[in-house]
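Pasting structure-v9.txt here (compact mmCIF, C-alpha atoms and all ligand atoms):
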# COMPACT_ATOMS: atom_id res chain seq x y z
CA MET G 1 -3.45 19.27 -31.16
CA ARG G 2 -6.60 17.58 -32.42
CA SER G 3 -7.30 14.00 -31.45
CA ASP G 4 -6.70 11.31 -34.00
CA PRO G 5 -10.14 10.26 -35.31
CA ARG G 6 -8.94 6.71 -35.85
CA LYS G 7 -8.45 6.36 -32.13
CA VAL G 8 -11.29 5.28 -29.89
CA PRO G 9 -11.76 7.01 -26.54
CA VAL G 10 -11.69 4.60 -23.61
CA VAL G 11 -13.59 5.84 -20.57
CA VAL G 12 -13.10 4.25 -17.17
CA LEU G 13 -16.15 3.92 -14.91
CA ALA G 14 -14.84 3.78 -11.36
CA GLY G 15 -16.60 3.97 -8.01
CA HIS G 16 -16.50 2.28 -4.63
CA LEU G 17 -18.22 -1.07 -4.10
CA GLY G 18 -21.89 -0.80 -4.93
CA ALA G 19 -21.81 2.92 -5.76
CA GLY G 20 -23.85 2.32 -8.91
CA LYS G 21 -21.40 1.73 -11.77
CA THR G 22 -23.41 -1.03 -13.47
CA THR G 23 -26.58 1.00 -13.05
CA LEU G 24 -24.91 4.02 -14.68
CA LEU G 25 -23.47 1.85 -17.43
CA ASN G 26 -26.88 0.43 -18.27
CA HIS G 27 -28.31 3.93 -18.33
CA LEU G 28 -25.60 5.05 -20.77
CA LEU G 29 -26.31 2.07 -22.99
CA THR G 30 -29.89 3.18 -23.50
CA ARG G 31 -28.71 6.12 -25.55
CA PRO G 32 -29.57 5.43 -29.15
CA GLY G 33 -26.98 6.23 -31.74
CA ALA G 34 -23.72 5.84 -29.90
CA ARG G 35 -21.82 2.68 -30.69
CA VAL G 36 -20.41 1.59 -27.38
CA GLY G 37 -18.10 -1.25 -26.45
CA VAL G 38 -17.97 -2.46 -22.87
CA VAL G 39 -15.35 -4.14 -20.71
CA VAL G 40 -16.53 -5.37 -17.32
CA ASN G 41 -14.17 -6.30 -14.51
CA ASP G 42 -15.89 -8.56 -12.02
CA PHE G 43 -13.85 -9.00 -8.89
CA GLY G 44 -15.40 -12.32 -7.89
CA ASP G 45 -15.32 -15.51 -9.94
CA ILE G 46 -18.97 -15.23 -10.91
CA ASP G 47 -19.67 -12.75 -13.70
CA VAL G 48 -22.52 -10.94 -11.98
CA ASP G 49 -21.91 -7.54 -13.53
CA ALA G 50 -21.25 -8.83 -17.04
CA GLY G 51 -24.58 -10.62 -16.87
CA LEU G 52 -26.36 -7.43 -15.86
CA VAL G 53 -25.16 -5.27 -18.72
CA THR G 54 -28.10 -4.73 -20.99
CA GLY G 55 -28.58 -2.59 -24.05
CA GLN G 56 -27.38 -2.38 -27.56
CA ILE G 57 -23.98 -4.00 -27.46
CA ASP G 58 -22.93 -7.40 -28.76
CA GLU G 59 -21.57 -8.73 -25.53
CA PRO G 60 -19.39 -7.16 -22.90
CA ALA G 61 -15.81 -8.36 -22.69
CA ALA G 62 -15.65 -9.77 -19.16
CA ILE G 63 -12.47 -9.83 -17.10
CA SER G 64 -13.16 -11.68 -13.88
CA GLY G 65 -11.33 -13.31 -11.04
CA GLY G 66 -9.59 -10.27 -9.60
CA CYS G 67 -9.30 -6.53 -9.65
CA LEU G 68 -7.92 -5.10 -12.89
CA CYS G 69 -5.20 -3.17 -11.17
CA CYS G 70 -3.88 -6.25 -9.35
CA LEU G 71 -4.10 -8.81 -12.14
CA PRO G 72 -0.89 -9.62 -14.01
CA ASP G 73 -0.68 -7.65 -17.28
CA ALA G 74 -3.87 -5.85 -16.28
CA GLY G 75 -5.72 -9.13 -16.67
CA GLY G 76 -6.15 -8.93 -20.41
CA LEU G 77 -7.41 -5.36 -20.58
CA ASP G 78 -5.20 -4.65 -23.57
CA ASP G 79 -6.45 -7.80 -25.30
CA ALA G 80 -10.04 -6.65 -24.83
CA LEU G 81 -9.18 -3.11 -26.00
CA GLU G 82 -7.36 -4.46 -29.04
CA VAL G 83 -10.53 -6.29 -30.11
CA LEU G 84 -12.95 -3.48 -29.25
CA THR G 85 -11.02 -0.69 -30.94
CA ALA G 86 -10.60 -2.59 -34.22
CA PRO G 87 -11.71 -0.25 -37.02
CA ARG G 88 -14.18 -2.78 -38.46
CA ARG G 89 -16.20 -2.53 -35.25
CA GLY G 90 -16.67 1.19 -35.78
CA LEU G 91 -17.21 1.94 -32.08
CA ASP G 92 -17.53 5.54 -30.89
CA VAL G 93 -16.37 4.83 -27.37
CA VAL G 94 -15.34 1.97 -25.09
CA LEU G 95 -16.48 1.99 -21.46
CA VAL G 96 -14.46 0.02 -18.92
CA GLU G 97 -16.43 -0.75 -15.78
CA ALA G 98 -13.89 -1.36 -13.06
CA SER G 99 -14.50 -3.50 -10.00
CA GLY G 100 -15.53 -1.54 -6.93
CA ILE G 101 -12.15 -1.94 -5.30
CA ALA G 102 -10.07 -0.71 -8.23
CA ASP G 103 -8.10 2.48 -7.75
CA PRO G 104 -9.08 5.13 -10.33
CA VAL G 105 -5.53 6.52 -10.55
CA THR G 106 -4.15 3.11 -11.43
CA LEU G 107 -6.96 2.54 -13.90
CA ALA G 108 -6.32 5.86 -15.61
CA ARG G 109 -2.71 4.84 -15.86
CA LEU G 110 -3.61 1.45 -17.39
CA VAL G 111 -5.51 3.18 -20.15
CA ARG G 112 -2.96 5.97 -20.58
CA PHE G 113 -0.13 3.49 -21.02
CA SER G 114 -2.13 0.86 -22.86
CA GLY G 115 -0.07 -0.88 -25.50
CA VAL G 116 -2.99 -0.71 -27.92
CA GLU G 117 -2.35 1.82 -30.63
CA ARG G 118 -5.95 2.83 -31.28
CA VAL G 119 -6.71 3.63 -27.63
CA ARG G 120 -7.18 7.25 -26.63
CA PRO G 121 -7.66 7.97 -22.90
CA GLY G 122 -11.22 9.22 -22.54
CA GLY G 123 -11.26 10.17 -18.88
CA VAL G 124 -12.42 8.65 -15.63
CA VAL G 125 -16.01 8.80 -14.41
CA ASP G 126 -16.09 8.26 -10.65
CA VAL G 127 -19.46 7.20 -9.23
CA ILE G 128 -20.04 8.15 -5.60
CA ASP G 129 -22.59 6.65 -3.21
CA ALA G 130 -23.81 9.86 -1.57
CA GLY G 131 -25.00 8.08 1.57
CA GLU G 132 -21.88 6.02 2.21
CA HIS G 133 -19.12 8.22 0.82
CA PHE G 134 -17.97 9.73 4.10
CA GLU G 135 -17.98 6.33 5.79
CA THR G 136 -16.14 4.39 3.11
CA VAL G 137 -14.11 6.57 0.74
CA ASP G 138 -13.57 10.04 2.15
CA THR G 139 -12.59 9.19 5.70
CA GLY G 140 -9.35 11.14 6.21
CA ALA G 141 -8.41 14.74 6.84
CA ASP G 142 -7.36 15.33 3.22
CA PRO G 143 -9.69 14.66 0.30
CA PRO G 144 -9.03 11.22 -1.24
CA VAL G 145 -6.35 11.05 -3.94
CA ARG G 146 -8.80 9.29 -6.27
CA HIS G 147 -10.57 12.59 -6.87
CA ALA G 148 -7.53 13.79 -8.78
CA ALA G 149 -8.09 11.09 -11.41
CA ALA G 150 -11.73 11.88 -12.19
CA SER G 151 -12.85 13.98 -15.11
CA LEU G 152 -16.50 13.52 -14.13
CA VAL G 153 -17.75 12.79 -10.61
CA VAL G 154 -21.28 11.41 -10.42
CA VAL G 155 -22.81 11.84 -6.96
CA ASN G 156 -25.33 9.00 -7.05
CA LYS G 157 -28.04 7.60 -4.73
CA LEU G 158 -29.17 11.03 -3.59
CA ASP G 159 -32.68 9.57 -3.39
CA LEU G 160 -31.59 7.56 -0.34
CA LEU G 161 -30.85 10.73 1.64
CA ALA G 162 -33.50 12.74 3.44
CA PRO G 163 -34.62 15.53 1.07
CA ASP G 164 -33.24 18.25 3.34
CA GLU G 165 -29.79 16.62 3.41
CA ARG G 166 -29.30 16.22 -0.33
CA GLU G 167 -28.10 19.68 -1.24
CA ALA G 168 -25.66 19.95 1.65
CA THR G 169 -24.20 16.48 1.02
CA PHE G 170 -23.78 17.20 -2.67
CA ALA G 171 -22.09 20.53 -1.89
CA ARG G 172 -19.78 18.91 0.66
CA ILE G 173 -18.70 16.17 -1.74
CA GLY G 174 -18.17 18.75 -4.50
CA GLU G 175 -16.00 20.85 -2.23
CA ARG G 176 -13.82 17.86 -1.31
CA VAL G 177 -13.50 16.80 -4.96
CA ARG G 178 -12.43 20.30 -5.99
CA GLY G 179 -9.94 20.31 -3.14
CA ARG G 180 -7.99 17.77 -5.20
CA ASN G 181 -9.18 18.56 -8.65
CA PRO G 182 -10.55 22.02 -9.44
CA ARG G 183 -11.38 20.98 -13.00
CA ALA G 184 -13.55 17.96 -12.20
CA HIS G 185 -17.15 18.23 -13.25
CA VAL G 186 -19.46 17.12 -10.42
CA VAL G 187 -23.08 16.14 -11.07
CA ALA G 188 -25.92 15.03 -8.80
CA THR G 189 -28.22 12.15 -9.66
CA ASP G 190 -29.83 8.91 -8.66
CA HIS G 191 -29.84 5.57 -10.46
CA GLY G 192 -27.04 6.86 -12.67
CA ARG G 193 -29.47 8.94 -14.69
CA ILE G 194 -27.07 11.49 -16.05
CA ASP G 195 -26.99 12.99 -19.50
CA PRO G 196 -24.89 10.48 -21.47
CA ASP G 197 -23.30 13.38 -23.34
CA LEU G 198 -21.47 14.27 -20.13
CA VAL G 199 -19.58 10.99 -20.39
CA TYR G 200 -19.07 11.09 -24.11
CA ASP G 201 -18.09 14.76 -24.07
CA ALA G 202 -15.55 14.01 -21.37
CA ALA G 203 -14.20 11.52 -23.86
CA LEU G 204 -13.62 14.31 -26.36
CA ASP G 205 -11.22 16.14 -24.09
CA GLU G 206 -7.64 16.33 -25.15
CA ASP G 207 -5.00 14.87 -22.88
CA PRO G 208 -4.75 17.00 -19.79
CA PRO G 209 -1.93 19.51 -19.80
CA ASP G 210 1.03 18.60 -17.66
CA GLN G 211 0.26 20.84 -14.74
CA LEU G 212 -2.95 18.99 -13.93
CA PRO G 213 -2.87 16.74 -10.89
CA LEU G 214 -3.74 13.66 -12.91
CA ALA G 215 -0.81 14.11 -15.25
CA ALA G 216 1.51 14.42 -12.26
CA LEU G 217 0.00 11.39 -10.56
CA LEU G 218 0.29 9.34 -13.68
CA ARG G 219 3.95 10.16 -14.00
CA GLU G 220 4.68 9.01 -10.48
CA GLU G 221 6.57 5.78 -10.42
CA ARG G 222 4.77 4.30 -7.49
CA THR G 223 1.14 3.54 -8.00
CA GLN G 224 -1.34 3.84 -5.24
CA HIS G 225 -2.60 0.51 -4.12
CA HIS G 226 -6.04 0.04 -2.74
CA VAL G 227 -6.71 -1.61 0.55
CA HIS G 228 -6.67 -5.32 0.04
CA ALA G 229 -10.17 -6.66 -0.50
CA ASP G 230 -11.38 -10.22 -0.64
CA ALA G 231 -14.13 -11.74 -2.73
CA VAL G 232 -15.82 -15.02 -1.93
CA SER G 233 -17.91 -16.52 -4.73
CA VAL G 234 -20.41 -19.23 -3.85
CA PRO G 235 -22.47 -20.94 -6.57
CA ALA G 236 -25.97 -22.17 -5.74
CA GLN G 237 -26.94 -25.65 -6.89
CA GLY G 238 -30.70 -25.10 -6.97
CA PRO G 239 -33.51 -23.16 -5.27
CA VAL G 240 -32.56 -21.85 -1.84
CA SER G 241 -34.46 -21.22 1.39
CA PRO G 242 -35.84 -17.66 1.23
CA SER G 243 -35.68 -17.40 5.04
CA ARG G 244 -32.00 -18.21 5.18
CA LEU G 245 -31.31 -16.01 2.20
CA VAL G 246 -33.02 -13.01 3.82
CA ASP G 247 -31.16 -13.69 7.08
CA LEU G 248 -27.91 -13.52 5.08
CA LEU G 249 -28.88 -10.32 3.26
CA GLU G 250 -29.99 -8.58 6.44
CA ASP G 251 -27.04 -9.73 8.47
CA PRO G 252 -24.02 -10.34 6.23
CA PRO G 253 -20.94 -12.18 7.55
CA PRO G 254 -18.47 -9.99 9.49
CA GLY G 255 -16.51 -7.62 7.25
CA VAL G 256 -18.71 -8.14 4.19
CA TYR G 257 -19.71 -4.76 2.73
CA ARG G 258 -21.03 -5.87 -0.65
CA MET G 259 -22.98 -8.92 -1.81
CA LYS G 260 -24.52 -9.50 -5.18
CA GLY G 261 -25.77 -12.34 -7.26
CA HIS G 262 -28.72 -14.33 -8.52
CA VAL G 263 -30.71 -16.79 -6.46
CA ALA G 264 -33.72 -18.99 -7.18
CA VAL G 265 -36.54 -19.78 -4.78
CA ARG G 266 -39.24 -22.46 -5.03
CA THR G 267 -42.75 -21.05 -4.63
CA THR G 268 -46.14 -22.73 -4.92
CA ARG G 269 -46.22 -21.37 -8.49
CA GLY G 270 -42.84 -22.62 -9.58
CA VAL G 271 -39.27 -21.41 -9.30
CA ARG G 272 -38.58 -17.66 -9.31
CA THR G 273 -35.22 -16.01 -9.77
CA TYR G 274 -34.06 -12.85 -8.03
CA LEU G 275 -31.19 -10.46 -8.32
CA VAL G 276 -29.96 -9.58 -4.84
CA ASN G 277 -27.73 -6.65 -3.93
CA VAL G 278 -26.37 -5.61 -0.56
CA VAL G 279 -24.37 -2.41 -0.20
CA GLY G 280 -23.43 -1.56 3.36
CA ARG G 281 -26.71 -1.74 5.22
CA SER G 282 -28.99 -1.49 2.22
CA VAL G 283 -30.62 -4.54 0.73
CA HIS G 284 -32.07 -4.55 -2.77
CA VAL G 285 -34.04 -7.45 -4.25
CA ALA G 286 -35.42 -7.54 -7.79
CA SER G 287 -37.04 -10.17 -10.00
CA ALA G 288 -34.66 -11.41 -12.67
CA ALA G 289 -34.31 -13.89 -15.47
CA ALA G 290 -32.33 -17.03 -14.69
CA PRO G 291 -28.68 -16.26 -15.50
CA PRO G 292 -27.18 -18.57 -18.15
CA ALA G 293 -24.18 -19.36 -15.98
CA GLY G 294 -26.32 -20.44 -13.02
CA GLU G 295 -27.09 -18.82 -9.69
CA GLY G 296 -24.63 -17.77 -7.02
CA VAL G 297 -23.56 -14.94 -4.76
CA VAL G 298 -20.33 -12.98 -4.48
CA ALA G 299 -19.46 -11.48 -1.06
CA ILE G 300 -16.83 -8.74 -0.95
CA GLY G 301 -15.17 -7.00 1.97
CA MET G 302 -11.92 -5.98 3.53
CA HIS G 303 -9.79 -8.48 5.46
CA LEU G 304 -12.37 -11.23 5.36
CA ASP G 305 -12.06 -14.56 7.08
CA THR G 306 -12.78 -16.15 3.70
CA THR G 307 -13.31 -19.68 5.05
CA ALA G 308 -15.89 -18.50 7.56
CA VAL G 309 -17.60 -16.26 4.99
CA ARG G 310 -17.73 -19.08 2.45
CA GLU G 311 -19.31 -21.41 5.01
CA GLN G 312 -21.89 -18.87 6.04
CA VAL G 313 -22.86 -17.98 2.48
CA ALA G 314 -22.88 -21.65 1.42
CA ASP G 315 -25.16 -22.48 4.38
CA ALA G 316 -27.55 -19.74 3.34
CA LEU G 317 -27.51 -20.99 -0.26
CA ALA G 318 -27.99 -24.68 0.57
CA THR G 319 -30.58 -26.22 -1.73
CA ARG G 320 -34.12 -26.16 -0.39
CA ASP G 321 -36.52 -27.13 -3.10
CA VAL G 322 -39.81 -26.74 -1.22
CA PRO G 323 -41.96 -23.63 -0.84
CA ASP G 324 -41.53 -21.62 2.37
CA ALA G 325 -44.38 -19.13 2.60
CA ARG G 326 -43.00 -17.09 5.49
CA GLY G 327 -39.54 -16.75 4.01
CA PHE G 328 -41.02 -15.93 0.63
CA SER G 329 -43.09 -13.11 2.06
CA ARG G 330 -39.97 -11.66 3.78
CA LEU G 331 -38.17 -11.75 0.45
CA GLN G 332 -41.12 -10.16 -1.34
CA ARG G 333 -41.18 -7.43 1.27
CA HIS G 334 -37.60 -6.53 0.37
CA ARG G 335 -38.53 -6.60 -3.29
CA ARG G 336 -41.42 -4.18 -2.73
CA LEU G 337 -39.21 -1.85 -0.68
CA SER G 338 -36.58 -1.94 -3.43
CA ARG G 339 -38.86 -0.57 -6.13
N1 LIG R 1 -31.84 3.76 -4.21
C1 LIG R 1 -30.87 3.71 -5.12
N2 LIG R 1 -30.30 2.52 -5.42
C2 LIG R 1 -29.33 2.52 -6.38
C3 LIG R 1 -28.91 3.69 -7.05
N3 LIG R 1 -27.93 3.37 -7.92
C4 LIG R 1 -27.74 2.02 -7.79
N4 LIG R 1 -28.58 1.51 -6.87
C5 LIG R 1 -28.65 0.13 -6.38
O1 LIG R 1 -27.44 -0.14 -5.67
C6 LIG R 1 -27.05 -1.49 -5.86
C7 LIG R 1 -25.64 -1.52 -6.45
O2 LIG R 1 -25.67 -0.93 -7.74
P1 LIG R 1 -24.63 -1.36 -8.89
O3 LIG R 1 -24.93 -0.52 -10.09
O4 LIG R 1 -24.61 -2.84 -9.05
O5 LIG R 1 -23.28 -0.90 -8.22
P2 LIG R 1 -21.77 -1.18 -8.70
O6 LIG R 1 -21.00 0.04 -8.39
O7 LIG R 1 -21.78 -1.63 -10.14
O8 LIG R 1 -21.36 -2.38 -7.75
P3 LIG R 1 -19.94 -3.19 -7.74
O9 LIG R 1 -19.58 -3.45 -9.19
O10 LIG R 1 -20.25 -4.45 -7.01
O11 LIG R 1 -18.95 -2.36 -7.03
C8 LIG R 1 -28.10 -2.10 -6.79
O12 LIG R 1 -29.05 -2.73 -5.99
C9 LIG R 1 -28.71 -0.89 -7.49
O13 LIG R 1 -30.04 -1.13 -7.90
C10 LIG R 1 -29.55 4.94 -6.70
O14 LIG R 1 -29.22 6.02 -7.18
N5 LIG R 1 -30.50 4.88 -5.72
Target format structure tokens, applied to this file:
Amino acid sequence: MRSDPRKVPVVVLAGHLGAGKTTLLNHLLTRPGARVGVVVNDFGDIDVDAGLVTGQIDEPAAISGGCLCCLPDAGGLDDALEVLTAPRRGLDVVLVEASGIADPVTLARLVRFSGVERVRPGGVVDVIDAGEHFETVDTGADPPVRHAAASLVVVNKLDLLAPDEREATFARIGERVRGRNPRAHVVATDHGRIDPDLVYDAALDEDPPDQLPLAALLREERTQHHVHADAVSVPAQGPVSPSRLVDLLEDPPPGVYRMKGHVAVRTTRGVRTYLVNVVGRSVHVASAAAPPAGEGVVAIGMHLDTTAVREQVADALATRDVPDARGFSRLQRHRRLSR
């Protein structure tokens, strides 16, 4: 059976917190020629990811405030897909970037059973943080169920491993993925730099035949629910103290695995804005333009004491509108190391 050309493939970009989904998405959007629509699911209340999507699209449809698979009615996913698959838009593909806590099996199901007529399931791309995978995702005796949902597995961040560990780690992840899903395509990369055709070609696949694990999983009545995660979003009211900010980034509140957001700092040459990212133990700081919706940080983790986390993050983001040379040089050091 050939696919209906009037339908638009919808590809889910999944991956654990901070694995590199937004980075991969931005890489895909640099491909000239493809007309791509984007849906971004930010788990916190601040649209950090939506603000970071760059490239040749009008504007991403942002679904924030919770994880897609937990929000009632999938949090408006069908509404976004209805708009993006409208024939007058003429899109070749729609990419849905899920929050880092979303379960790929549930996401695949949301697309498969979407009420939108012009949607065609285009597969699941699962981004893996090569350095953290065996600490965060693949921690049991059996390979994780999520591997069954992926049509393409992108083993990312290999640059963060020692050169002599890369091949073995990639092979080990591939073996575990194929333990669940012999058909999954597994690629190695860093910074999401994969051939975009891999994603778009995955989108050309017909529906998987019934014997495939995904089809069976999708038929199951009970969906797999992810471990409950909490997000604490704290807006900043003005420039912050770089010393306190760096203290926060280097030593996040207990249970916080992921932090991201924009912050501004007063320097002797004016106010500078930074994009900050924490994933596990790694801290990434980059210069950024001031976000239209204002600065702020989202902290995400499992079983958080949200009141304590909020207080700690708010303390670190308290306004301090005077230059602090020592703090600034600590922040700049992180920025240099992040390049
Ligand atoms: N060194 C290195 N850093 C990377 C790579 N890919 C992404 N990063 C960095 O990792 C951090 C998280 O990347 P994102 O693309 O925001 O990850 P994400 O999966 O979208 O994050 P969530 O949506 O919060 O789950 C950022 O600081 C990226 O610059 C990589 O391959 N190597």
Given a cut-off of 6 Å, what residues near ligand LIG 1 (chain R) show up using only C-alpha atoms and all ligand atoms, put as an mmCIF file with C-alpha atoms, in the frame of the given file?
data_model
loop_
_atom_site.group_PDB
_atom_site.id
_atom_site.type_symbol
_atom_site.label_atom_id
_atom_site.label_comp_id
_atom_site.auth_asym_id
_atom_site.auth_seq_id
_atom_site.Cartn_x
_atom_site.Cartn_y
_atom_site.Cartn_z
ATOM 1 C CA GLY G 15 -16.600 3.970 -8.010
ATOM 2 C CA HIS G 16 -16.500 2.280 -4.630
ATOM 3 C CA LEU G 17 -18.220 -1.070 -4.100
ATOM 4 C CA GLY G 18 -21.890 -0.800 -4.930
ATOM 5 C CA ALA G 19 -21.810 2.920 -5.760
ATOM 6 C CA GLY G 20 -23.850 2.320 -8.910
ATOM 7 C CA LYS G 21 -21.400 1.730 -11.770
ATOM 8 C CA THR G 22 -23.410 -1.030 -13.470
ATOM 9 C CA THR G 23 -26.580 1.000 -13.050
ATOM 10 C CA SER G 99 -14.500 -3.500 -10.000
ATOM 11 C CA GLY G 100 -15.530 -1.540 -6.930
ATOM 12 C CA ASN G 156 -25.330 9.000 -7.050
ATOM 13 C CA LYS G 157 -28.040 7.600 -4.730
ATOM 14 C CA ASP G 159 -32.680 9.570 -3.390
ATOM 15 C CA LEU G 160 -31.590 7.560 -0.340
ATOM 16 C CA ASP G 190 -29.830 8.910 -8.660
ATOM 17 C CA HIS G 191 -29.840 5.570 -10.460
ATOM 18 C CA GLY G 192 -27.040 6.860 -12.670
ATOM 19 C CA ASN G 277 -27.730 -6.650 -3.930
ATOM 20 C CA HIS G 284 -32.070 -4.550 -2.770
#
Between G:Gly90, G:Gly261, G:Gly174, G:Gly123, single out the one closest to Val199 (chain G), counting all atoms listed in the file.
-> G:Gly123
Emit as AutoDock Vina command-line options the padded axis-aligned box for all listed atoms of region 11-28 of chain G, 5 Å per side, with centre and edge lengths in Å to one decimal.
--center_x -20.7 --center_y 2.4 --center_z -12.4 --size_x 25.2 --size_y 16.9 --size_z 26.7
Using all atoms listed in the file, determine which residues lie at most 8 Å from region 308-324 of chain G, disregarding the query and same-chain residues fewer than 5 positions distant; provide the list as a list in words.
-> Val232, Ser233, Val234, Ala236, Gln237, Gly238, Pro239, Val240, Ser241, Pro242, Ser243, Arg244, Leu245, Asp247, Leu248, Pro253, Pro254, Val265, Arg266, Thr267, Thr268, Val297 and Ala299 of chain G
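In this model, the gap between CA of Pro235 (chain G) and CA of Val12 (chain G) comes to 28.9 Å.
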Shortest contact to Ala14 (chain G), candidates G:His27, G:Arg35, G:Arg146, G:His228, atoms counted all atoms listed in the file, goes to G:Arg146
Which residues come within 12 Å of Pro144 (chain G), counting only C-alpha atoms, excluding same-chain residues fewer than 6 positions away, as a count of residues only?
-> 19
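Ranking G:Gly122, G:Pro182, G:Gly255, G:Pro143 by their shortest atom-to-atom distance to Leu198 (chain G), with all atoms listed in the file included, puts G:Gly122 first.
Taking all atoms listed in the file into account, the polymer residues that have an atom no farther than 10 Å from (-18.3, -7.3, 2.4) are G:Leu17, G:Ala229, G:Asp230, G:Ala231, G:Val232, G:Pro252, G:Pro253, G:Pro254, G:Gly255, G:Val256, G:Tyr257, G:Arg258, G:Met259, G:Val278, G:Val279, G:Gly280, G:Val298, G:Ala299, G:Ile300, G:Gly301, G:Met302, G:His303, G:Leu304, G:Val309.
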So which residues touch Arg112 (chain G) within 7 Å, counting all atoms listed in the file, skipping near sequence neighbours fewer than 3 positions away, as a PyMOL selection string?
-> chain G and resi 108-109+121
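Counting all atoms listed in the file and comparing G:Leu152, G:Val39, G:Ala168, G:Leu91, the residue that lies closest to Gly76 (chain G) is G:Val39.
Note that CA of Ala288 (chain G) and CA of Tyr200 (chain G) are 29.7 Å apart.
Separating CA of Val10 (chain G) from CA of Val111 (chain G) is a distance of 7.2 Å.
Using only C-alpha atoms, the smallest distance between any of G:Val119, G:Leu161, G:Leu107, G:Leu28 and Val8 (chain G) comes from G:Val119.
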Shell around Thr85 (chain G) at 12 Å using all atoms listed in the file, local window under 5 positions removed, as number ranges by chain | G: 5-10, 35-39, 77-80, 90-95, 116-120
